[in-house]
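A.B. asks: Below you'll find structure22.txt; it's compact mmCIF, C-alpha atoms.
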```txt
# COMPACT_ATOMS: atom_id res chain seq x y z
CA VAL J 94 0.00 0.00 0.00
CA PHE J 95 2.83 2.38 0.92
CA VAL J 96 4.50 1.88 -2.43
CA GLY J 97 1.24 2.39 -4.34
CA ILE J 98 0.54 5.71 -2.59
CA SER J 99 4.09 7.09 -2.61
CA PHE J 100 4.67 6.40 -6.29
CA SER J 101 1.24 7.32 -7.65
CA TRP J 102 2.84 10.42 -9.25
CA PHE J 103 4.75 8.15 -11.64
CA GLN J 104 1.64 6.31 -12.74
CA ASN J 105 -0.23 9.58 -13.35
CA ASN J 106 2.55 11.51 -15.06
CA LEU J 107 5.00 9.18 -16.77
CA PRO J 108 2.59 8.14 -19.55
CA ASN J 109 2.85 11.79 -20.69
CA ASN J 110 6.65 11.58 -20.83
CA PHE J 111 6.59 11.24 -24.62
CA PHE J 112 4.61 14.48 -25.03
CA GLN J 113 6.72 16.34 -22.46
CA LYS J 114 9.94 15.60 -24.36
CA LYS J 115 8.31 16.41 -27.69
CA THR J 116 6.93 19.74 -26.42
CA TYR J 117 10.28 20.70 -24.90
CA LYS J 118 12.13 20.00 -28.15
CA ASN J 119 9.56 21.93 -30.20
CA VAL J 120 9.71 24.93 -27.87
CA TYR J 121 13.51 24.88 -27.93
CA LYS J 122 13.52 24.83 -31.75
CA ILE J 123 11.07 27.73 -31.98
CA VAL J 124 13.01 29.78 -29.43
CA ALA J 125 16.27 29.04 -31.25
CA ILE J 126 14.79 30.46 -34.45
CA LEU J 127 13.39 33.52 -32.66
CA ASP J 128 16.64 34.12 -30.79
CA ARG J 129 18.52 34.63 -34.01
CA ALA J 130 16.20 37.48 -34.84
CA THR J 131 15.79 38.91 -31.32
CA ASN J 132 17.91 37.89 -28.32
CA PRO J 133 19.21 34.71 -26.68
CA SER J 134 17.47 35.34 -23.32
CA PHE J 135 15.67 31.99 -23.13
CA LYS J 136 18.84 29.98 -23.69
CA GLU J 137 20.78 32.13 -21.24
CA VAL J 138 18.18 31.68 -18.49
CA LEU J 139 17.96 27.95 -19.15
CA SER J 140 21.76 27.60 -19.11
CA ARG J 141 21.95 29.55 -15.86
CA ILE J 142 19.36 27.30 -14.22
CA GLU J 143 21.12 24.14 -15.42
CA THR J 144 24.43 25.25 -13.86
CA GLN J 145 22.89 25.59 -10.39
CA GLU J 146 24.10 23.13 -7.77
CA GLU J 147 20.68 21.48 -7.44
CA CYS J 148 20.73 20.53 -11.15
CA ARG J 149 24.24 19.03 -10.99
CA ASN J 150 24.99 20.45 -14.45
CA LEU J 151 22.32 18.23 -16.04
CA PRO J 152 20.31 19.63 -18.98
CA MET J 153 16.59 20.17 -18.55
CA ILE J 154 15.71 17.32 -20.93
CA SER J 155 17.38 14.84 -18.56
CA PHE J 156 14.85 15.69 -15.83
CA LEU J 157 12.09 14.58 -18.18
CA ILE J 158 13.88 11.30 -18.93
CA LEU J 159 15.50 10.35 -15.61
CA PRO J 160 12.27 9.70 -13.65
CA MET J 161 11.17 7.12 -16.22
CA GLN J 162 14.63 5.53 -16.35
CA ARG J 163 14.90 5.31 -12.57
CA VAL J 164 11.48 3.83 -11.91
CA THR J 165 12.17 0.98 -14.35
CA ARG J 166 15.14 -0.06 -12.18
CA LEU J 167 13.08 -0.42 -9.00
CA PRO J 168 12.05 -4.08 -9.57
CA LEU J 169 15.73 -5.05 -10.00
CA LEU J 170 16.61 -3.21 -6.80
CA MET J 171 13.78 -4.80 -4.81
CA ASP J 172 14.60 -8.24 -6.20
CA THR J 173 18.19 -7.86 -4.97
CA ILE J 174 16.92 -6.81 -1.53
CA CYS J 175 14.62 -9.85 -1.43
CA GLN J 176 17.49 -12.19 -2.30
CA LYS J 177 19.66 -10.73 0.47
CA THR J 178 16.90 -10.88 3.12
CA GLN J 179 16.53 -14.00 5.27
CA LYS J 180 13.32 -15.79 4.31
CA ASP J 181 12.40 -16.60 7.91
CA LEU J 182 12.28 -12.91 8.90
CA PRO J 183 8.96 -10.95 8.89
CA LYS J 184 10.47 -8.22 6.69
CA TYR J 185 11.01 -10.77 3.90
CA GLU J 186 7.24 -10.84 3.23
CA VAL J 187 7.23 -7.04 3.26
CA CYS J 188 10.02 -7.05 0.67
CA LYS J 189 8.08 -9.50 -1.51
CA ARG J 190 4.96 -7.29 -1.39
CA ALA J 191 7.08 -4.26 -2.26
CA LEU J 192 8.61 -6.13 -5.21
CA LYS J 193 5.15 -7.00 -6.53
CA ALA J 194 4.00 -3.40 -6.04
CA VAL J 195 6.90 -1.78 -7.90
CA SER J 196 6.66 -4.40 -10.67
CA LYS J 197 3.00 -3.50 -11.13
CA LEU J 198 3.90 0.20 -11.08
CA VAL J 199 6.53 -0.23 -13.82
CA ARG J 200 4.16 -2.32 -15.94
CA LEU J 201 1.42 0.34 -15.70
CA CYS J 202 3.87 3.16 -16.47
CA ASN J 203 5.27 1.31 -19.49
CA GLU J 204 1.81 0.47 -20.81
CA GLY J 205 0.59 4.05 -20.35
CA ALA J 206 3.65 5.61 -22.02
CA ARG J 207 3.51 3.10 -24.87
CA LYS J 208 -0.20 3.77 -25.46
CA MET J 209 0.33 7.55 -25.58
CA GLU J 210 3.22 7.28 -28.01
CA ARG J 211 1.42 4.81 -30.26
CA THR J 212 -1.73 6.93 -30.40
CA GLU J 213 0.25 10.03 -31.36
CA MET J 214 2.16 8.08 -34.02
CA MET J 215 -1.04 6.58 -35.45
CA TYR J 216 -2.72 9.97 -35.97
CA THR J 217 0.46 11.43 -37.48
CA ILE J 218 0.85 8.60 -40.01
CA ASN J 219 -2.87 8.67 -40.89
CA SER J 220 -2.60 12.36 -41.78
CA GLN J 221 0.36 11.65 -44.09
CA LEU J 222 -1.30 8.91 -46.17
CA GLU J 223 -3.24 9.56 -49.36
CA PHE J 224 -5.18 6.54 -50.61
CA LYS J 225 -5.17 5.99 -54.38
CA ILE J 226 -7.27 2.89 -53.79
CA LYS J 227 -10.18 1.98 -51.52
CA PRO J 228 -9.40 3.70 -48.16
CA PHE J 229 -8.49 1.61 -45.13
CA PRO J 230 -9.67 2.77 -41.65
CA LEU J 231 -6.21 3.00 -40.11
CA VAL J 232 -6.75 4.68 -36.72
CA SER J 233 -7.60 2.15 -34.02
CA SER J 234 -6.82 1.90 -30.29
CA SER J 235 -5.63 -1.69 -30.81
CA ARG J 236 -3.24 -0.90 -33.68
CA TRP J 237 0.37 0.23 -33.49
CA LEU J 238 3.38 0.67 -35.76
CA VAL J 239 5.87 -2.21 -35.82
CA LYS J 240 8.29 -1.04 -38.52
CA ARG J 241 8.50 1.49 -41.34
CA GLY J 242 10.98 2.21 -44.09
CA GLU J 243 11.94 2.33 -47.74
CA LEU J 244 12.68 -0.78 -49.79
CA ALA J 245 13.66 -1.54 -53.37
CA ALA J 246 11.01 -3.54 -55.24
CA PHE J 247 12.08 -5.40 -58.39
CA VAL J 248 9.20 -5.54 -60.86
CA GLU J 249 9.09 -7.60 -64.05
CA ASP J 250 7.69 -5.69 -67.04
CA THR J 251 6.60 -7.84 -69.98
CA GLY J 252 7.08 -6.12 -73.31
CA LEU J 253 6.06 -7.17 -76.82
CA PHE J 254 9.30 -9.04 -77.55
CA SER J 255 11.08 -9.30 -74.19
CA LYS J 256 10.85 -9.22 -70.42
CA ARG J 257 12.59 -6.53 -68.42
CA THR J 258 13.06 -6.13 -64.66
CA SER J 259 12.98 -2.63 -63.26
CA LYS J 260 13.64 -1.32 -59.77
CA GLN J 261 11.10 0.85 -57.94
CA GLN J 262 11.22 2.40 -54.49
CA VAL J 263 8.38 1.50 -52.15
CA TYR J 264 7.72 2.60 -48.58
CA PHE J 265 6.24 0.13 -46.07
CA PHE J 266 4.22 0.91 -42.95
CA LEU J 267 3.95 -2.36 -41.04
CA PHE J 268 1.45 -2.38 -38.16
CA ASN J 269 0.68 -5.22 -35.78
CA ASP J 270 -2.25 -6.34 -37.96
CA VAL J 271 -1.87 -4.74 -41.41
CA LEU J 272 0.80 -3.81 -43.98
CA ILE J 273 0.35 -0.53 -45.88
CA ILE J 274 2.39 -0.29 -49.11
CA THR J 275 3.05 3.22 -50.37
CA LYS J 276 5.21 5.32 -52.65
CA LYS J 277 6.87 8.39 -51.25
CA LYS J 278 5.28 11.61 -52.47
CA SER J 279 7.43 13.93 -50.34
CA ASP J 280 9.35 13.73 -47.07
CA GLU J 281 6.14 13.52 -45.05
CA ASN J 282 3.48 12.41 -47.56
CA TYR J 283 2.82 9.01 -49.10
CA ASN J 284 0.51 7.60 -51.78
CA VAL J 285 -1.02 4.27 -50.73
CA THR J 286 -0.86 1.74 -53.57
CA ASP J 287 -1.84 -1.46 -51.74
CA TYR J 288 -2.46 -3.01 -48.34
CA SER J 289 -2.99 -6.41 -46.77
CA LEU J 290 -3.82 -7.92 -43.41
CA ARG J 291 -0.69 -9.17 -41.71
CA ASP J 292 -1.90 -12.77 -41.47
CA GLN J 293 -1.97 -12.82 -45.30
CA LEU J 294 1.80 -12.34 -45.57
CA LEU J 295 4.48 -14.96 -46.23
CA VAL J 296 8.14 -13.96 -46.22
CA GLU J 297 11.31 -15.87 -47.10
CA GLN J 298 14.96 -15.00 -47.55
CA CYS J 299 16.38 -15.50 -51.04
CA ASP J 300 19.03 -18.19 -51.42
CA ASN J 301 22.73 -17.42 -51.92
CA GLU J 302 22.59 -17.75 -55.70
CA GLU J 303 19.83 -15.14 -55.97
CA GLN J 304 21.60 -12.80 -53.52
CA ASN J 305 24.85 -12.85 -55.48
CA SER J 306 23.20 -11.83 -58.74
CA SER J 307 21.56 -8.49 -59.39
CA PRO J 308 17.88 -8.77 -60.39
CA VAL J 309 18.44 -5.96 -62.88
CA LYS J 310 20.96 -6.39 -65.67
CA SER J 311 22.78 -3.28 -66.81
CA SER J 312 25.97 -2.48 -68.69
CA THR J 313 26.29 0.90 -66.99
CA PRO J 314 28.79 0.64 -64.07
CA MET J 315 27.15 3.44 -62.03
CA LEU J 316 23.68 1.96 -62.41
CA TYR J 317 24.96 -1.50 -61.53
CA SER J 318 26.61 -0.05 -58.41
CA ARG J 319 23.29 1.38 -57.25
CA GLN J 320 21.56 -1.93 -57.88
CA SER J 321 24.23 -3.90 -56.02
CA SER J 322 23.71 -1.71 -52.95
CA THR J 323 20.25 -3.24 -52.56
CA ASN J 324 21.03 -6.87 -53.36
CA HIS J 325 20.16 -8.20 -49.91
CA LEU J 326 16.99 -9.79 -51.21
CA PHE J 327 13.90 -11.44 -49.79
CA ARG J 328 10.50 -12.45 -51.16
CA LEU J 329 7.18 -11.29 -49.82
CA THR J 330 4.01 -13.12 -50.87
CA VAL J 331 0.71 -11.34 -50.24
CA LEU J 332 -1.96 -14.04 -50.28
CA SER J 333 -4.79 -11.49 -50.49
CA ASN J 334 -4.28 -7.76 -51.04
CA HIS J 335 -6.87 -4.96 -50.93
CA ALA J 336 -8.46 -6.33 -54.12
CA GLY J 337 -8.41 -9.95 -52.96
CA GLU J 338 -5.55 -10.81 -55.32
CA LYS J 339 -2.36 -12.76 -54.67
CA ILE J 340 0.86 -10.89 -55.45
CA GLU J 341 4.54 -11.67 -55.07
CA LEU J 342 7.22 -9.06 -54.40
CA LEU J 343 10.99 -9.36 -54.70
CA LEU J 344 12.40 -6.81 -52.27
CA GLY J 345 15.90 -5.56 -51.54
CA THR J 346 17.62 -3.70 -48.69
CA GLU J 347 20.96 -1.93 -48.54
CA THR J 348 22.27 -3.90 -45.55
CA GLN J 349 22.12 -7.45 -44.28
CA GLY J 350 20.87 -6.22 -40.93
CA GLU J 351 17.96 -4.33 -42.45
CA ARG J 352 16.90 -7.41 -44.39
CA ALA J 353 16.98 -9.50 -41.20
CA ARG J 354 14.87 -6.89 -39.41
CA TRP J 355 12.24 -6.82 -42.16
CA ILE J 356 12.06 -10.62 -42.34
CA THR J 357 11.64 -10.79 -38.57
CA ALA J 358 8.95 -8.10 -38.54
CA LEU J 359 7.00 -9.37 -41.56
CA GLY J 360 7.30 -13.01 -40.59
CA GLN J 361 5.78 -12.50 -37.12
CA SER J 362 7.44 -15.77 -36.19
CA ASN J 363 6.85 -17.13 -32.71
CA ASP J 364 9.60 -19.74 -33.03
CA ARG J 365 12.05 -17.64 -31.03
CA ARG J 366 9.62 -17.39 -28.12
CA ALA J 367 9.58 -21.20 -27.90
CA LYS J 368 13.38 -21.34 -27.60
CA ASP J 369 15.02 -22.51 -24.41
CA ARG J 370 16.21 -19.21 -22.91
CA THR J 371 19.05 -20.97 -21.10
CA THR J 372 20.72 -21.70 -24.47
CA LEU J 373 20.74 -18.06 -25.61
CA THR J 374 23.76 -15.77 -25.47
CA GLN J 375 23.52 -13.11 -22.76
CA VAL J 376 25.01 -9.63 -23.18
CA GLU J 377 25.40 -6.76 -20.74
CA VAL J 378 24.86 -3.21 -21.96
CA ILE J 379 27.97 -1.06 -21.54
CA ARG J 380 26.57 2.08 -23.19
CA SER J 381 22.97 3.30 -23.15
CA TYR J 382 21.06 3.32 -26.42
CA THR J 383 17.86 5.14 -27.40
CA ALA J 384 15.67 3.40 -29.97
CA LYS J 385 15.37 5.29 -33.26
CA GLN J 386 12.93 2.91 -34.98
CA PRO J 387 9.81 1.11 -33.67
CA ASP J 388 11.53 -2.28 -33.89
CA GLU J 389 14.54 -1.18 -31.82
CA LEU J 390 15.11 -1.58 -28.09
CA SER J 391 16.07 1.29 -25.77
CA LEU J 392 18.70 0.21 -23.26
CA GLN J 393 20.36 1.53 -20.13
CA ALA J 394 23.87 0.73 -18.92
CA ALA J 395 23.98 -2.60 -17.02
CA ASP J 396 20.82 -3.94 -18.71
CA VAL J 397 21.05 -7.63 -19.59
CA VAL J 398 19.64 -8.89 -22.91
CA LEU J 399 19.10 -12.44 -24.18
CA VAL J 400 20.21 -12.49 -27.82
CA ASP J 401 18.00 -14.27 -30.39
CA GLN J 402 19.69 -13.03 -33.57
CA LYS J 403 23.11 -11.70 -34.49
CA VAL J 404 23.67 -10.02 -37.85
CA GLN J 405 27.17 -9.63 -39.28
CA ASP J 406 26.86 -5.91 -39.95
CA GLY J 407 26.61 -5.12 -36.25
CA TRP J 408 23.11 -5.70 -34.83
CA TYR J 409 21.62 -7.90 -32.12
CA GLU J 410 17.95 -8.78 -31.69
CA GLY J 411 16.88 -9.95 -28.28
CA GLU J 412 14.80 -9.82 -25.13
CA ARG J 413 15.51 -7.43 -22.23
CA LEU J 414 15.81 -9.39 -19.01
CA ARG J 415 14.10 -6.97 -16.64
CA ASP J 416 10.77 -6.77 -18.47
CA GLY J 417 10.77 -9.10 -21.49
CA GLU J 418 10.66 -6.28 -24.08
CA ARG J 419 12.10 -7.25 -27.48
CA GLY J 420 13.94 -5.32 -30.19
CA TRP J 421 17.13 -4.62 -32.14
CA PHE J 422 20.19 -2.74 -30.88
CA PRO J 423 23.84 -2.17 -31.98
CA MET J 424 26.38 -4.80 -30.93
CA GLU J 425 28.83 -2.07 -29.95
CA CYS J 426 26.55 -1.14 -27.03
CA ALA J 427 26.99 -4.49 -25.28
CA LYS J 428 29.53 -7.14 -24.30
CA GLU J 429 28.94 -10.87 -24.04
CA ILE J 430 28.59 -12.42 -20.57
CA THR J 431 30.81 -15.49 -20.29
CA CYS J 432 30.70 -16.28 -16.55
CA GLN J 433 28.34 -19.27 -16.14
CA ALA J 434 27.47 -18.36 -12.55
CA THR J 435 26.35 -14.88 -13.68
CA ILE J 436 24.37 -16.39 -16.57
CA ASP J 437 22.54 -18.76 -14.19
CA LYS J 438 21.74 -15.95 -11.73
CA ASN J 439 20.39 -13.80 -14.55
CA MET J 440 18.08 -16.59 -15.68
CA GLU J 441 16.79 -17.06 -12.13
CA ARG J 442 16.16 -13.34 -11.83
CA MET J 443 14.35 -13.19 -15.16
CA GLY J 444 12.10 -16.04 -14.06
CA ARG J 445 11.21 -14.22 -10.85
CA LEU J 446 10.58 -10.83 -12.47
CA LEU J 447 8.54 -12.09 -15.43
CA GLY J 448 6.61 -14.56 -13.29
CA LEU J 449 5.45 -12.02 -10.72
CA GLU J 450 1.76 -11.74 -9.93
CA THR J 451 1.23 -7.99 -10.29
CA ASN J 452 -2.34 -7.75 -9.01
CA VAL J 453 -1.34 -6.24 -5.67
```
What does the file become when written as structure tokens?
C.D. replies:
Amino acid sequence: VFVGISFSWFQNNLPNNFFQKKTYKNVYKIVAILDRATNPSFKEVLSRIETQEECRNLPMISFLILPMQRVTRLPLLMDTICQKTQKDLPKYEVCKRALKAVSKLVRLCNEGARKMERTEMMYTINSQLEFKIKPFPLVSSSRWLVKRGELAAFVEDTGLFSKRTSKQQVYFFLFNDVLIITKKKSDENYNVTDYSLRDQLLVEQCDNEEQNSSPVKSSTPMLYSRQSSTNHLFRLTVLSNHAGEKIELLLGTETQGERARWITALGQSNDRRAKDRTTLTQVEVIRSYTAKQPDELSLQAADVVLVDQKVQDGWYEGERLRDGERGWFPMECAKEITCQATIDKNMERMGRLLGLETNV
């Protein structure tokens, strides 16, 4: 009860953390533009405040981020206290109740913040799409963005006497239940050319022979160079698109890692969830990382991640130990854990934290 009352501020305010940071950045940009024409008073006042002893030379933006970062560490702290408390003492039960309470708090904060961010993103994307086909009702409280980005699509054009393969740029918006296929109209506007429910998608990586040959033949060295930069290929089969038709797409990415990320996202495979976690490589984060794409994982120093995939061009995909969140992150941010005793303790801790009954 004490924990629930004392930390109610987090539950009420942290879901708005996304909008707080966004508003701060927007205000700072506007003021920066105005300052060039008028005076730098805002920046001077802000800098003066940040240098005060109470702020410890931290920028204002850190005070919007730190509360969320700190509260997510509370279950780890309480779990450590529980493990170091004798089980036959009365305070052990108090520690267990506190662990359940802070775990529930973190779960509610994460869910609230995630919902706010997803809702904002959904409305923004919906305003940027222009349907050239039958419109799809995109905005929904149960829908969120999984991955977005530009891909090369290799299309076969059949002429009167020959067949010719051409390369086109397409832009995908992949949500948890639907794929929207578009062509970029401008930096923030897209023409929708097709869409399909996600359960109508089949994805497979092209074999080595297909990867080593460019889908588009050209005698021009410069053109061939551009084509070769997107020869990390995979096939996407849409069993039923917006018109109820089956289509097949040969798609290319510029890096091996990006292809792996698209295959993982489009394939919605649950095979990795069935893996024995004890067989997975564990890494410890040595440098914090902030996710830049929806399929990436934000990490703090000392976080432990169970690695599912490793791509040669420098990316891991895995599951964060403290809360089970999944995503991609750069290899350079983490180092592999080799001590078996540490690995075993981490697995025990993960089992406790993810198995907690949070209905306190």
A.B. asks: When you look at stretch 430-438 of chain J with a cut-off of 7 Å (counting only C-alpha atoms), what residues show up, excluding the ones that are within fewer than 4 positions of it in the same chain? I need them as a list in words.
C.D. replies: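 So, after excluding close chain neighbours, the residues are Gln375, Val376, Glu377 and Arg442 of chain J.
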A.B. asks: Just the selected residues (C-alpha atoms), exported as a PDB file, in the coordinates of the input, please.
C.D. replies:
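File produced: part04.pdb:
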```pdb
ATOM      1  CA  GLN J 375      23.520 -13.110 -22.760  1.00  0.00           C
ATOM      2  CA  VAL J 376      25.010  -9.630 -23.180  1.00  0.00           C
ATOM      3  CA  GLU J 377      25.400  -6.760 -20.740  1.00  0.00           C
ATOM      4  CA  ARG J 442      16.160 -13.340 -11.830  1.00  0.00           C
TER       5      ARG J 442
END
```
A.B. asks: Just the residues within 7 Å of J:Phe327, please, counting only C-alpha atoms, with nothing from its chain fewer than 4 positions along; format it as an NGL selection string.
C.D. replies: :J and (297-299 or 343-345)
A.B. asks: Hey, can you spit out that residue selection with C-alpha atoms as a JSON list (two decimals), in the coordinates of the input?
C.D. replies:
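The resulting part03.json:
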```json
[["chain", "number", "residue", "atom", "x", "y", "z"],
["J", 297, "GLU", "CA", 11.31, -15.87, -47.10],
["J", 298, "GLN", "CA", 14.96, -15.00, -47.55],
["J", 299, "CYS", "CA", 16.38, -15.50, -51.04],
["J", 343, "LEU", "CA", 10.99, -9.36, -54.70],
["J", 344, "LEU", "CA", 12.40, -6.81, -52.27],
["J", 345, "GLY", "CA", 15.90, -5.56, -51.54]]
```
A.B. asks: One decimal, in Å: what's the spacing between atom CA of J:Thr330 and atom CA of J:Lys240?
C.D. replies: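 It comes out at 17.8 Å.
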A.B. asks: Smallest atom-to-atom distance to J:Gln261: which of J:Met161, J:Ala427, J:Ile274, J:Ala245, using all atoms listed in the file?
C.D. replies: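 The closest residue to J:Gln261 is J:Ala245.
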A.B. asks: Can you tell me how far atom CA of J:Ala384 sits from atom CA of J:Ser220, in Å to one decimal?
C.D. replies: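 Value for the atom CA of J:Ala384-atom CA of J:Ser220 distance: 23.5 Å.
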A.B. asks: Tell me, as a ChimeraX atom specification, which residues lie within 7 Å of J:Gln221, counting all atoms listed in the file; anything in the same chain fewer than 3 positions away does not count.
C.D. replies: /J:217-218,281-283
A.B. asks: Excluding J:Pro423 and residues on its chain fewer than 3 positions from it, collect all residues at most 6 Å away from it, counting all atoms listed in the file, and give them as a PDB file with C-alpha atoms, in the coordinates of the input.
C.D. replies:
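Output (part_37.pdb):
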```
ATOM      1  CA  GLY J 407      26.610  -5.120 -36.250  1.00  0.00           C
ATOM      2  CA  TRP J 408      23.110  -5.700 -34.830  1.00  0.00           C
ATOM      3  CA  CYS J 426      26.550  -1.140 -27.030  1.00  0.00           C
TER       4      CYS J 426
END
```
A.B. asks: If we count all atoms listed in the file, what is near J:Ser289 at a cut-off of 8 Å, once residues fewer than 4 positions away on the same chain are taken out, given as a PyMOL selection string?
C.D. replies: chain J and resi 271-273+293-294+331+333-335
A.B. asks: Which of these residues is nearest to J:Asp416, using all atoms listed in the file: J:Gly337, J:Pro168, J:Pro152, J:Pro387?
C.D. replies: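 With all atoms listed in the file as the atom set, the closest residue is J:Pro168.
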A.B. asks: For each of J:Asn203, J:Asp388, J:Lys403, J:Ala246, take the minimum atom-to-atom distance to J:His325, counting all atoms listed in the file, then give the residue where this is smallest.
C.D. replies: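 Among the listed residues, the smallest separation from J:His325 belongs to J:Ala246.
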A.B. asks: Find the residue from J:Ile174, J:Gly417, J:Glu223, J:Lys276 that sits nearest to J:Arg200; use all atoms listed in the file when measuring.
C.D. replies: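 Of J:Ile174, J:Gly417, J:Glu223, J:Lys276, the one nearest J:Arg200, counting all atoms listed in the file, is J:Gly417.
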A.B. asks: Could you tell me how far atom CA of J:Asp300 lies from atom CA of J:Asp401, in Å and to one decimal?
C.D. replies: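 Answer for the atom CA of J:Asp300 to atom CA of J:Asp401 separation: 21.4 Å.
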A.B. asks: Is there a way to get, as a list of chain:residue names, all residues within 12 Å of the point (29.0, -9.1, -39.1) in file coordinates, counting all atoms listed in the file?
C.D. replies: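 So the residues meeting the distance criterion are J:Thr348, J:Gln349, J:Gly350, J:Gln402, J:Lys403, J:Val404, J:Gln405, J:Asp406, J:Gly407, J:Trp408, J:Tyr409, J:Pro423, J:Met424, J:Glu425.
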A.B. asks: Of the candidates J:Asn324, J:Val378, J:Phe135, J:Gly444, which shows the shortest atom-to-atom distance to J:Glu347, using only C-alpha atoms?
C.D. replies: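 Using only C-alpha atoms, the shortest distance to J:Glu347 belongs to J:Asn324.
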A.B. asks: Taking into account all atoms listed in the file, which residue in the set J:Gln162, J:Ser140, J:Thr357, J:Ser391 is nearest to J:Val239?
C.D. replies: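 Counting all atoms listed in the file, the residue closest to J:Val239 is J:Thr357.
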